[in-house]
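run.cif follows (mmCIF, C-alpha atoms and all ligand atoms):
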```
data_entry
#
loop_
_atom_site.label_atom_id
_atom_site.label_comp_id
_atom_site.auth_asym_id
_atom_site.auth_seq_id
_atom_site.Cartn_x
_atom_site.Cartn_y
_atom_site.Cartn_z
CA MET A 161 -30.48 13.60 -23.10
CA LYS A 162 -29.76 10.46 -25.09
CA VAL A 163 -26.15 9.76 -25.85
CA LEU A 164 -24.27 7.28 -27.95
CA TRP A 165 -22.08 5.52 -25.42
CA ASN A 166 -19.80 2.84 -26.79
CA GLU A 167 -22.24 0.87 -28.91
CA GLU A 168 -25.46 1.74 -27.19
CA ILE A 169 -27.85 4.66 -27.14
CA VAL A 170 -28.56 5.26 -23.49
CA ASP A 171 -29.79 7.92 -21.16
CA GLU A 172 -27.08 10.34 -20.12
CA SER A 173 -27.69 9.33 -16.50
CA GLU A 174 -26.51 5.82 -17.29
CA VAL A 175 -23.16 6.92 -18.66
CA LYS A 176 -20.29 6.26 -16.33
CA ILE A 177 -18.50 9.50 -17.12
CA ASP A 178 -20.77 12.50 -17.34
CA ILE A 179 -20.83 13.58 -20.97
CA GLU A 180 -20.28 17.17 -19.81
CA ASP A 181 -17.06 16.24 -18.02
CA ARG A 182 -14.89 18.65 -19.99
CA GLY A 183 -11.61 17.76 -18.30
CA TYR A 184 -12.11 14.13 -19.21
CA GLN A 185 -13.34 14.82 -22.72
CA PHE A 186 -10.58 17.16 -23.68
CA GLY A 187 -7.91 15.50 -21.63
CA ASP A 188 -7.75 12.45 -23.84
CA GLY A 189 -10.40 12.53 -26.47
CA ILE A 190 -11.55 13.98 -29.77
CA TYR A 191 -14.93 15.23 -30.87
CA GLU A 192 -16.96 16.47 -33.78
CA VAL A 193 -20.24 18.36 -34.02
CA ILE A 194 -22.48 17.71 -37.01
CA ARG A 195 -25.43 19.98 -37.83
CA ILE A 196 -28.64 18.34 -38.88
CA TYR A 197 -30.93 20.35 -41.19
CA ASP A 198 -34.35 18.87 -41.90
CA GLY A 199 -33.06 15.46 -40.91
CA TYR A 200 -29.96 15.73 -43.15
CA MET A 201 -26.49 15.42 -41.62
CA TYR A 202 -24.60 18.33 -43.09
CA MET A 203 -21.02 17.57 -44.24
CA GLU A 204 -21.05 14.25 -42.49
CA LYS A 205 -18.21 12.85 -44.60
CA GLU A 206 -15.96 15.83 -43.88
CA HIS A 207 -16.60 15.56 -40.16
CA LEU A 208 -15.81 11.87 -40.14
CA ASP A 209 -12.67 12.47 -42.20
CA ARG A 210 -11.53 15.04 -39.66
CA LEU A 211 -12.30 12.69 -36.76
CA TRP A 212 -10.02 10.07 -38.27
CA VAL A 213 -7.27 12.63 -38.83
CA SER A 214 -7.61 13.80 -35.20
CA ALA A 215 -7.51 10.22 -33.95
CA GLU A 216 -4.33 9.59 -35.87
CA LYS A 217 -2.76 12.72 -34.42
CA ILE A 218 -3.29 11.56 -30.86
CA ARG A 219 -2.46 7.98 -31.85
CA MET A 220 -5.87 6.68 -30.92
CA THR A 221 -7.17 3.57 -32.63
CA LEU A 222 -10.85 4.05 -33.30
CA PRO A 223 -12.76 0.91 -32.35
CA PHE A 224 -15.19 1.16 -35.26
CA THR A 225 -15.17 1.75 -39.01
CA ARG A 226 -16.43 4.94 -40.66
CA GLU A 227 -19.52 3.05 -41.84
CA GLU A 228 -20.24 1.70 -38.36
CA LEU A 229 -19.96 5.12 -36.77
CA SER A 230 -22.10 6.67 -39.48
CA GLN A 231 -24.76 3.99 -38.96
CA ARG A 232 -24.76 4.57 -35.20
CA LEU A 233 -25.07 8.33 -35.60
CA HIS A 234 -27.98 7.90 -38.00
CA ARG A 235 -29.61 5.45 -35.63
CA LEU A 236 -29.24 7.96 -32.80
CA ALA A 237 -30.70 10.77 -34.92
CA GLN A 238 -33.59 8.58 -35.98
CA GLU A 239 -34.35 7.18 -32.55
CA VAL A 240 -34.30 10.59 -30.88
CA GLY A 241 -36.19 12.14 -33.83
CA LEU A 242 -33.62 14.81 -34.65
CA GLU A 243 -34.77 17.15 -37.45
CA ASN A 244 -32.90 20.39 -36.84
CA ALA A 245 -30.21 19.79 -34.27
CA ARG A 246 -26.54 19.36 -33.55
CA VAL A 247 -25.01 15.98 -32.87
CA TYR A 248 -21.97 16.21 -30.65
CA PHE A 249 -19.94 13.04 -30.49
CA GLN A 250 -16.92 12.30 -28.44
CA VAL A 251 -14.42 9.47 -28.59
CA THR A 252 -12.24 8.95 -25.53
CA ARG A 253 -9.80 6.32 -24.47
CA GLY A 254 -12.16 4.33 -22.33
CA THR A 255 -14.87 4.77 -19.77
CA ALA A 256 -12.42 5.84 -17.09
CA THR A 257 -13.13 2.96 -14.76
CA LEU A 258 -10.41 1.14 -12.91
CA LYS A 259 -10.71 -1.70 -15.42
CA ASP A 260 -9.91 0.66 -18.28
CA ALA A 261 -6.96 2.04 -16.38
CA VAL A 262 -5.61 -1.48 -15.78
CA ASP A 263 -6.27 -2.40 -19.44
CA SER A 264 -4.31 0.64 -20.60
CA ALA A 265 -1.48 0.05 -18.17
CA PHE A 266 -1.07 -3.55 -19.39
CA GLU A 267 -1.35 -2.51 -23.02
CA GLU A 268 1.47 -0.01 -22.67
CA TYR A 269 3.61 -2.33 -20.55
CA LEU A 270 3.34 -5.22 -22.98
CA LYS A 271 4.46 -3.04 -25.88
CA ASP A 272 7.90 -2.75 -24.35
CA PRO A 273 8.28 -4.72 -21.10
CA LYS A 274 12.05 -4.23 -21.05
CA ASN A 275 11.97 -0.48 -20.85
CA PHE A 276 8.58 0.08 -19.21
CA ILE A 277 7.95 -0.42 -15.54
CA TYR A 278 4.51 -1.68 -14.61
CA ALA A 279 3.31 -0.18 -11.35
CA ILE A 280 -0.14 -0.79 -9.97
CA GLY A 281 -1.83 0.66 -6.92
CA SER A 282 -4.05 -2.30 -6.12
CA VAL A 283 -3.73 -6.00 -5.42
CA VAL A 284 -4.74 -6.98 -8.93
CA GLY A 285 -3.04 -8.44 -11.99
CA PRO A 286 -0.76 -11.45 -12.41
CA HIS A 287 1.64 -12.76 -9.80
CA PRO A 288 3.71 -11.21 -8.24
CA PHE A 289 1.90 -7.86 -8.34
CA PRO A 290 -0.92 -8.63 -5.87
CA LYS A 291 1.63 -10.10 -3.47
CA MET A 292 3.98 -7.14 -3.79
CA VAL A 293 1.21 -4.60 -3.24
CA ARG A 294 -0.15 -6.59 -0.29
CA ASP A 295 3.27 -6.70 1.32
CA PHE A 296 3.78 -2.96 0.92
CA GLN A 297 0.27 -2.19 2.18
CA SER A 298 0.50 -4.56 5.14
CA ILE A 299 2.27 -1.82 7.06
CA ILE A 300 -1.25 -0.48 7.71
CA GLY A 301 -2.31 -3.59 9.63
CA ASN A 302 0.97 -3.73 11.53
CA GLU A 303 0.40 -0.15 12.56
CA ILE A 304 -3.22 -0.82 13.58
CA LYS A 305 -2.03 -3.71 15.73
CA GLU A 306 0.70 -1.71 17.38
CA GLN A 307 -1.54 1.26 18.09
CA THR A 308 -4.54 -0.68 19.42
CA HIS A 309 -2.25 -2.74 21.68
CA HIS A 310 -0.49 0.40 22.84
CA ARG A 311 -3.71 2.29 23.60
CA PHE A 312 -6.13 -0.47 24.58
CA GLY A 313 -3.90 -3.44 25.32
CA LYS A 314 -5.66 -5.70 22.83
CA ASN A 315 -6.67 -6.38 19.26
CA PRO A 316 -9.67 -4.55 17.83
CA ASP A 317 -12.90 -6.55 17.52
CA TYR A 318 -13.51 -5.49 13.92
CA ILE A 319 -11.42 -4.09 11.11
CA VAL A 320 -13.44 -2.65 8.27
CA ALA A 321 -12.17 -1.47 4.91
CA CYS A 322 -13.61 -0.72 1.49
CA VAL A 323 -12.80 -3.10 -1.35
CA GLY A 324 -12.24 -2.10 -4.96
CA GLY A 325 -9.25 -4.11 -6.12
CA GLY A 326 -8.67 -4.66 -2.43
CA SER A 327 -5.29 -3.16 -1.52
CA ASN A 328 -6.21 -1.01 1.45
CA ALA A 329 -8.34 -3.83 2.84
CA ILE A 330 -5.70 -6.52 2.45
CA GLY A 331 -3.18 -4.10 3.93
CA ALA A 332 -5.35 -3.63 7.00
CA PHE A 333 -6.28 -7.32 7.32
CA THR A 334 -2.98 -9.15 6.78
CA ALA A 335 -1.53 -8.71 10.29
CA PHE A 336 -4.76 -10.13 11.75
CA LEU A 337 -5.48 -13.09 9.49
CA ASN A 338 -4.35 -15.55 12.14
CA ASP A 339 -6.06 -13.70 15.00
CA SER A 340 -9.42 -15.39 15.09
CA ASP A 341 -10.71 -12.89 17.68
CA VAL A 342 -10.65 -10.14 15.05
CA LYS A 343 -13.53 -9.95 12.60
CA LEU A 344 -12.50 -8.64 9.22
CA VAL A 345 -15.02 -6.92 6.97
CA GLY A 346 -14.55 -5.78 3.39
CA VAL A 347 -17.18 -3.39 2.07
CA GLU A 348 -17.98 -3.40 -1.62
CA PRO A 349 -19.89 -0.73 -3.53
CA ALA A 350 -23.58 -1.56 -3.97
CA GLY A 351 -23.97 1.58 -6.11
CA HIS A 352 -27.62 2.14 -6.96
CA GLY A 353 -28.50 -1.22 -5.37
CA LEU A 354 -27.54 -4.86 -5.75
CA GLU A 355 -30.75 -5.52 -7.66
CA THR A 356 -29.71 -3.03 -10.38
CA HIS A 357 -26.81 -3.42 -12.81
CA MET A 358 -25.28 -0.21 -11.39
CA HIS A 359 -22.99 -1.63 -8.74
CA SER A 360 -19.53 -3.10 -8.39
CA ALA A 361 -20.06 -5.75 -5.75
CA THR A 362 -17.71 -8.34 -7.21
CA LEU A 363 -17.31 -10.69 -4.25
CA THR A 364 -20.97 -10.40 -3.35
CA LEU A 365 -22.44 -11.10 -6.78
CA GLY A 366 -19.58 -12.19 -9.03
CA LYS A 367 -18.42 -15.69 -9.83
CA PRO A 368 -15.01 -17.36 -9.95
CA SER A 369 -13.31 -16.52 -13.25
CA GLN A 370 -10.24 -14.67 -14.56
CA ILE A 371 -9.42 -11.08 -15.46
CA HIS A 372 -6.19 -9.18 -16.02
CA GLY A 373 -4.09 -12.30 -15.60
CA MET A 374 -5.46 -13.41 -12.23
CA ALA A 375 -8.00 -15.93 -10.99
CA CYS A 376 -10.59 -14.18 -8.86
CA TYR A 377 -14.27 -13.38 -8.55
CA VAL A 378 -15.50 -11.40 -11.56
CA LEU A 379 -18.70 -9.64 -12.51
CA GLU A 380 -19.20 -10.90 -16.03
CA ASN A 381 -21.89 -11.75 -18.53
CA GLU A 382 -22.71 -15.21 -19.82
CA ALA A 383 -20.15 -14.87 -22.60
CA GLY A 384 -17.46 -14.28 -19.99
CA GLU A 385 -17.08 -10.56 -20.80
CA PRO A 386 -16.57 -8.26 -17.81
CA LEU A 387 -19.75 -6.31 -17.05
CA PRO A 388 -19.82 -2.52 -16.90
CA VAL A 389 -19.65 -1.57 -13.24
CA HIS A 390 -20.61 1.45 -11.24
CA SER A 391 -19.74 3.12 -7.98
CA ILE A 392 -19.98 6.70 -6.82
CA ALA A 393 -16.34 6.20 -5.81
CA SER A 394 -14.14 6.15 -8.88
CA GLY A 395 -11.57 3.91 -7.19
CA LEU A 396 -14.04 1.11 -6.55
CA ASP A 397 -15.53 0.48 -9.98
CA TYR A 398 -13.72 -2.68 -10.95
CA PRO A 399 -15.36 -5.92 -12.19
CA GLY A 400 -12.62 -8.09 -10.64
CA VAL A 401 -11.03 -8.16 -7.21
CA GLY A 402 -7.69 -9.23 -5.80
CA PRO A 403 -7.05 -13.00 -5.71
CA GLN A 404 -6.25 -12.93 -1.99
CA HIS A 405 -9.73 -11.55 -1.25
CA SER A 406 -11.31 -14.20 -3.43
CA PHE A 407 -9.46 -16.85 -1.42
CA LEU A 408 -10.36 -15.23 1.92
CA LYS A 409 -14.00 -15.17 0.90
CA ASP A 410 -13.91 -18.87 0.02
CA LEU A 411 -12.16 -19.60 3.33
CA GLY A 412 -14.81 -17.60 5.16
CA ARG A 413 -12.11 -15.67 7.02
CA VAL A 414 -13.32 -12.27 5.80
CA GLU A 415 -16.93 -11.17 5.61
CA TYR A 416 -17.74 -9.13 2.51
CA SER A 417 -20.59 -6.69 2.83
CA THR A 418 -21.80 -3.74 0.76
CA ALA A 419 -22.83 -0.09 1.04
CA THR A 420 -24.84 1.87 -1.53
CA ASP A 421 -23.91 5.21 -3.11
CA GLN A 422 -26.46 6.90 -0.86
CA GLU A 423 -25.11 5.30 2.32
CA CYS A 424 -21.64 6.31 1.20
CA LEU A 425 -22.67 9.94 0.68
CA ASP A 426 -24.40 10.01 4.07
CA ALA A 427 -21.30 8.56 5.71
CA PHE A 428 -19.08 11.08 3.93
CA MET A 429 -21.19 13.93 5.35
CA THR A 430 -21.57 12.43 8.81
CA LEU A 431 -17.86 11.83 9.36
CA SER A 432 -17.02 15.26 7.96
CA ARG A 433 -19.53 17.02 10.19
CA VAL A 434 -19.15 15.00 13.39
CA GLU A 435 -15.41 14.40 13.43
CA GLY A 436 -14.09 17.01 11.00
CA ILE A 437 -12.47 14.19 9.03
CA VAL A 438 -13.31 14.25 5.34
CA PRO A 439 -13.00 10.68 4.05
CA ALA A 440 -12.55 9.69 0.41
CA LEU A 441 -15.75 8.39 -1.15
CA GLU A 442 -14.04 5.00 -1.40
CA SER A 443 -13.35 4.92 2.34
CA SER A 444 -16.85 6.26 3.06
CA HIS A 445 -18.16 2.81 2.16
CA ALA A 446 -16.37 1.39 5.18
CA VAL A 447 -17.60 4.28 7.32
CA ALA A 448 -21.14 3.56 6.10
CA TRP A 449 -20.83 -0.04 7.25
CA ALA A 450 -19.74 1.11 10.72
CA ILE A 451 -22.60 3.62 10.97
CA ARG A 452 -25.08 0.91 9.96
CA GLU A 453 -23.71 -1.95 12.05
CA ALA A 454 -22.24 -0.34 15.18
CA PRO A 455 -25.64 0.35 16.81
CA LYS A 456 -26.28 -3.43 16.73
CA LEU A 457 -23.11 -4.13 18.74
CA SER A 458 -22.26 -3.56 22.39
CA LYS A 459 -20.77 -0.21 23.34
CA GLU A 460 -17.46 -1.88 24.26
CA THR A 461 -16.92 -3.20 20.75
CA MET A 462 -13.80 -1.75 19.19
CA ILE A 463 -14.14 -1.13 15.44
CA VAL A 464 -11.25 0.11 13.35
CA VAL A 465 -12.39 1.71 10.11
CA ASN A 466 -9.60 2.04 7.61
CA LEU A 467 -9.63 5.45 5.96
CA SER A 468 -7.85 4.69 2.73
CA GLY A 469 -7.77 8.26 1.51
CA ARG A 470 -8.76 11.85 2.08
CA GLY A 471 -11.95 13.27 0.67
CA ASP A 472 -10.54 16.56 -0.58
CA LYS A 473 -10.57 15.13 -4.09
CA ASP A 474 -14.29 14.35 -3.73
CA SER A 475 -15.61 17.40 -1.89
CA ASP A 476 -16.52 19.46 -5.00
CA TYR A 477 -18.30 16.46 -6.46
CA VAL A 478 -20.23 15.78 -3.24
CA ALA A 479 -21.15 19.45 -2.83
CA GLU A 480 -22.52 19.49 -6.37
CA LYS A 481 -24.33 16.19 -5.92
CA LEU A 482 -25.97 17.30 -2.67
CA LYS A 483 -26.53 20.84 -3.98
CA LEU A 484 -24.68 22.32 -1.00
C1 LIG A 501 -8.84 6.55 -1.53
C2 LIG A 501 -9.02 5.21 -2.16
N1 LIG A 501 -9.43 4.19 -1.38
C3 LIG A 501 -9.63 2.96 -1.90
C4 LIG A 501 -9.39 2.70 -3.22
C5 LIG A 501 -9.68 1.33 -3.73
O1 LIG A 501 -8.56 0.60 -4.00
P1 LIG A 501 -8.26 -0.72 -3.17
O2 LIG A 501 -9.52 -1.51 -3.14
O3 LIG A 501 -7.17 -1.35 -3.95
O4 LIG A 501 -7.84 -0.29 -1.81
C6 LIG A 501 -8.94 3.72 -4.07
C7 LIG A 501 -8.66 3.47 -5.46
O5 LIG A 501 -8.33 4.31 -6.25
C8 LIG A 501 -8.76 5.02 -3.53
O6 LIG A 501 -8.38 6.04 -4.28
#
```

Would you mind giving the structure from this file in structure tokens?
Amino acid sequence: MKVLWNEEIVDESEVKIDIEDRGYQFGDGIYEVIRIYDGYMYMEKEHLDRLWVSAEKIRMTLPFTREELSQRLHRLAQEVGLENARVYFQVTRGTATLKDAVDSAFEEYLKDPKNFIYAIGSVVGPHPFPKMVRDFQSIIGNEIKEQTHHRFGKNPDYIVACVGGGSNAIGAFTAFLNDSDVKLVGVEPAGHGLETHMHSATLTLGKPSQIHGMACYVLENEAGEPLPVHSIASGLDYPGVGPQHSFLKDLGRVEYSTATDQECLDAFMTLSRVEGIVPALESSHAVAWAIREAPKLSKETMIVVNLSGRGDKDSDYVAEKLKL
């Protein structure tokens, strides 16, 4: 199915949020359905009028004029060759990526910074937020250090963590930054592959720039606009990355690698089946790295894989995806 997504007519498979995602659509969006008879859009004006009334009711600013939307709908109908059909169109507050969430959070915060509290769950945004989140998260690395010393009497050889904005990774790494014997690996989402545009491998393929009030690596187009990003893990689809990671990459202290959606799914299933631990799809990227790289290392090598979250939230999605 072809869909009108933002300003483009694309295949449904390319849309970040599945167009049939009812919870998303009705959670924060409005829609209209226009009948087309013999190529004629029946009561188009009335439908558009109602869309604008609905938008006003949920205080949504529509990012196009009536004429622009009408033109796009006609273009869609023409391109797909609709003669007798229904056009269902949905307007939602964003594409539900992490970038949109951060955009919305900033937008709300800046409306009333005295009475609003800005809280962010990743090491992104302007100073001091990345620093604050890193400091809170660094308990993870302190704990890893204490436990590996307690059980094995030494530091681990590797610490591996997935990187979206980078909070769980920086949390795991911070206690070891000065321990040169510990290799630190951040794993970014390669999505459908680094050669496609469907990935979110910011440190791997991005360039130094700015986003959301911070200087960091960014996946952006030539005009400096952030690129649409993709990952099977909803918490990893962000075109920027924390400034500390950008610095650590430049220093060469942390190695940034990638895992594809498929590797992530395989890792999700393997860890669930072999260990009975269901990892979040985000964390499964780090697991995928370990599954891929561990066989190349000696059996004595100690690898700590940071499981940033549980996979309960993802199990229905994975079951559907793998037709289980
Ligand atoms: C379980 C889980 N892990 C990892 C992440 C990625 O965030 P970060 O890169 O900041 O750790 C998210 C983000 O939502 C998440 O939900």

Seminar exercise, completed: In terms of all atoms listed in the file, the residue from A:Gly326, A:Gly199, A:Gly402, A:Gly313 at minimal distance from ligand LIG 501 (chain A) is A:Gly326

Contacts of A:Ala321 at 10 Å (only C-alpha atoms; same-chain gap of 6+ positions) as a PDB file with C-alpha atoms, keeping the file's coordinate frame:
```
ATOM      1  CA  SER A 327      -5.290  -3.160  -1.520  1.00  0.00           C
ATOM      2  CA  ASN A 328      -6.210  -1.010   1.450  1.00  0.00           C
ATOM      3  CA  ALA A 329      -8.340  -3.830   2.840  1.00  0.00           C
ATOM      4  CA  ILE A 330      -5.700  -6.520   2.450  1.00  0.00           C
ATOM      5  CA  GLY A 331      -3.180  -4.100   3.930  1.00  0.00           C
ATOM      6  CA  ALA A 332      -5.350  -3.630   7.000  1.00  0.00           C
ATOM      7  CA  PHE A 333      -6.280  -7.320   7.320  1.00  0.00           C
ATOM      8  CA  LEU A 344     -12.500  -8.640   9.220  1.00  0.00           C
ATOM      9  CA  VAL A 345     -15.020  -6.920   6.970  1.00  0.00           C
ATOM     10  CA  GLY A 346     -14.550  -5.780   3.390  1.00  0.00           C
ATOM     11  CA  VAL A 347     -17.180  -3.390   2.070  1.00  0.00           C
ATOM     12  CA  GLU A 348     -17.980  -3.400  -1.620  1.00  0.00           C
ATOM     13  CA  TYR A 416     -17.740  -9.130   2.510  1.00  0.00           C
ATOM     14  CA  GLU A 442     -14.040   5.000  -1.400  1.00  0.00           C
ATOM     15  CA  SER A 443     -13.350   4.920   2.340  1.00  0.00           C
ATOM     16  CA  SER A 444     -16.850   6.260   3.060  1.00  0.00           C
ATOM     17  CA  HIS A 445     -18.160   2.810   2.160  1.00  0.00           C
ATOM     18  CA  ALA A 446     -16.370   1.390   5.180  1.00  0.00           C
ATOM     19  CA  VAL A 447     -17.600   4.280   7.320  1.00  0.00           C
ATOM     20  CA  TRP A 449     -20.830  -0.040   7.250  1.00  0.00           C
ATOM     21  CA  ALA A 450     -19.740   1.110  10.720  1.00  0.00           C
ATOM     22  CA  VAL A 464     -11.250   0.110  13.350  1.00  0.00           C
ATOM     23  CA  VAL A 465     -12.390   1.710  10.110  1.00  0.00           C
ATOM     24  CA  ASN A 466      -9.600   2.040   7.610  1.00  0.00           C
ATOM     25  CA  LEU A 467      -9.630   5.450   5.960  1.00  0.00           C
ATOM     26  CA  SER A 468      -7.850   4.690   2.730  1.00  0.00           C
TER      27      SER A 468
END
```

Problem set entry | Surrounding residues of A:Met292 excluding itself and chain neighbours under 4 positions, 10 Å, only C-alpha atoms, as a ChimeraX atom specification | /A:280,282-283,287-288,296-298

For this session: Go through A:Ile451, A:Leu431, A:Leu258, A:Ala479 one by one, measure the shortest atom-to-atom distance of each to ligand LIG 501 (chain A) using all atoms listed in the file, and give the residue with the smallest value.
Result: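 Of the candidates, the smallest distance to ligand LIG 501 (chain A) is held by A:Leu258.
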
Exercise. Which is closer to ligand LIG 501 (chain A) than all the others in A:Arg470, A:Arg210, A:Arg413, A:Arg235, using only C-alpha atoms and all ligand atoms?
Worked result: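 Closest to ligand LIG 501 (chain A) of all the choices is A:Arg470.
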
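Across the model, the gap from atom CA of A:Pro399 to atom CA of A:Gly281 is 15.9 Å.
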
As lines of an AutoDock Vina configuration file, please report the centre and edge lengths, rounded to one decimal in Å, of the axis-aligned box that holds all listed atoms of ligand LIG 501 (chain A) with 5 Å of padding on each of the six sides.
```
center_x = -8.4
center_y = 2.5
center_z = -3.8
size_x = 12.5
size_y = 18.1
size_z = 14.9
```

For this session: Please identify all polymer residues within 10 Å of A:Lys314, counting all atoms listed in the file, omitting same-chain residues fewer than 6 positions from it, and present them as a list in words.
Result: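 Listed by chain and then number, they are Lys305, Glu306, Gln307, Thr308 and Met462 of chain A.
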
Exercise. For A:Leu365, which residue out of A:Asp317, A:Ser394, A:Asp341, A:Gly400 is the nearest one, using all atoms listed in the file?
Worked result: A:Gly400

Exercise. Smallest atom-to-atom distance to ligand LIG 501 (chain A): which of A:Lys409, A:His310, A:Lys343, A:Lys259, using only C-alpha atoms and all ligand atoms?
Worked result: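 For ligand LIG 501 (chain A), the nearest of the candidates is A:Lys259.
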
For this session: Just give me the residues with any atom within 6 Å of (-20.1, 15.6, -34.1), file coordinates, counting all atoms listed in the file, written as a list of chain:residue names.
Result: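 With a cut-off of 6 Å, the residues come to A:Glu192, A:Val193, A:Ile194, A:Val247, A:Tyr248, A:Phe249.
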
Exercise. Taking into account only C-alpha atoms, which residue in the set A:Ile392, A:Leu408, A:Leu236, A:Ile300 is nearest to A:Glu168?
Worked result: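 Among A:Ile392, A:Leu408, A:Leu236, A:Ile300, it is A:Leu236 that comes nearest to A:Glu168.
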
Problem set entry | Computed interatomic separation between atom CA of A:Ser264 and atom CA of A:Leu208 (Å) | 25.3 Å

Exercise. So what do you get for atom CA of A:Gly351 versus atom CA of A:Lys473, distance-wise?
Worked result: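 Taking atom CA of A:Gly351 as the start and atom CA of A:Lys473 as the end point, the length is 19.2 Å.
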
With 9 Å as the threshold, what does the neighbourhood of (-22.9, -2.4, -5.6) contain in terms of residues, counting only C-alpha atoms? Coordinates are those of the file; answer as a compact mmCIF listing (two decimals) with C-alpha atoms, in the coordinates of the input.
```txt
# COMPACT_ATOMS: atom_id res chain seq x y z
CA GLU A 348 -17.98 -3.40 -1.62
CA PRO A 349 -19.89 -0.73 -3.53
CA ALA A 350 -23.58 -1.56 -3.97
CA GLY A 351 -23.97 1.58 -6.11
CA HIS A 352 -27.62 2.14 -6.96
CA GLY A 353 -28.50 -1.22 -5.37
CA LEU A 354 -27.54 -4.86 -5.75
CA GLU A 355 -30.75 -5.52 -7.66
CA THR A 356 -29.71 -3.03 -10.38
CA HIS A 357 -26.81 -3.42 -12.81
CA MET A 358 -25.28 -0.21 -11.39
CA HIS A 359 -22.99 -1.63 -8.74
CA SER A 360 -19.53 -3.10 -8.39
CA ALA A 361 -20.06 -5.75 -5.75
CA THR A 362 -17.71 -8.34 -7.21
CA THR A 364 -20.97 -10.40 -3.35
CA LEU A 365 -22.44 -11.10 -6.78
CA VAL A 389 -19.65 -1.57 -13.24
CA HIS A 390 -20.61 1.45 -11.24
CA SER A 391 -19.74 3.12 -7.98
CA THR A 418 -21.80 -3.74 0.76
CA ALA A 419 -22.83 -0.09 1.04
CA THR A 420 -24.84 1.87 -1.53
CA ASP A 421 -23.91 5.21 -3.11
```

Exercise. Quick one: residues within 12 Å of A:Asp263, all atoms listed in the file counted, chain neighbours fewer than 6 positions away excluded, as an MDAnalysis selection string?
Worked result: chainID A and resid 253:257 269:270 278 280 284:285 371:373 386 398
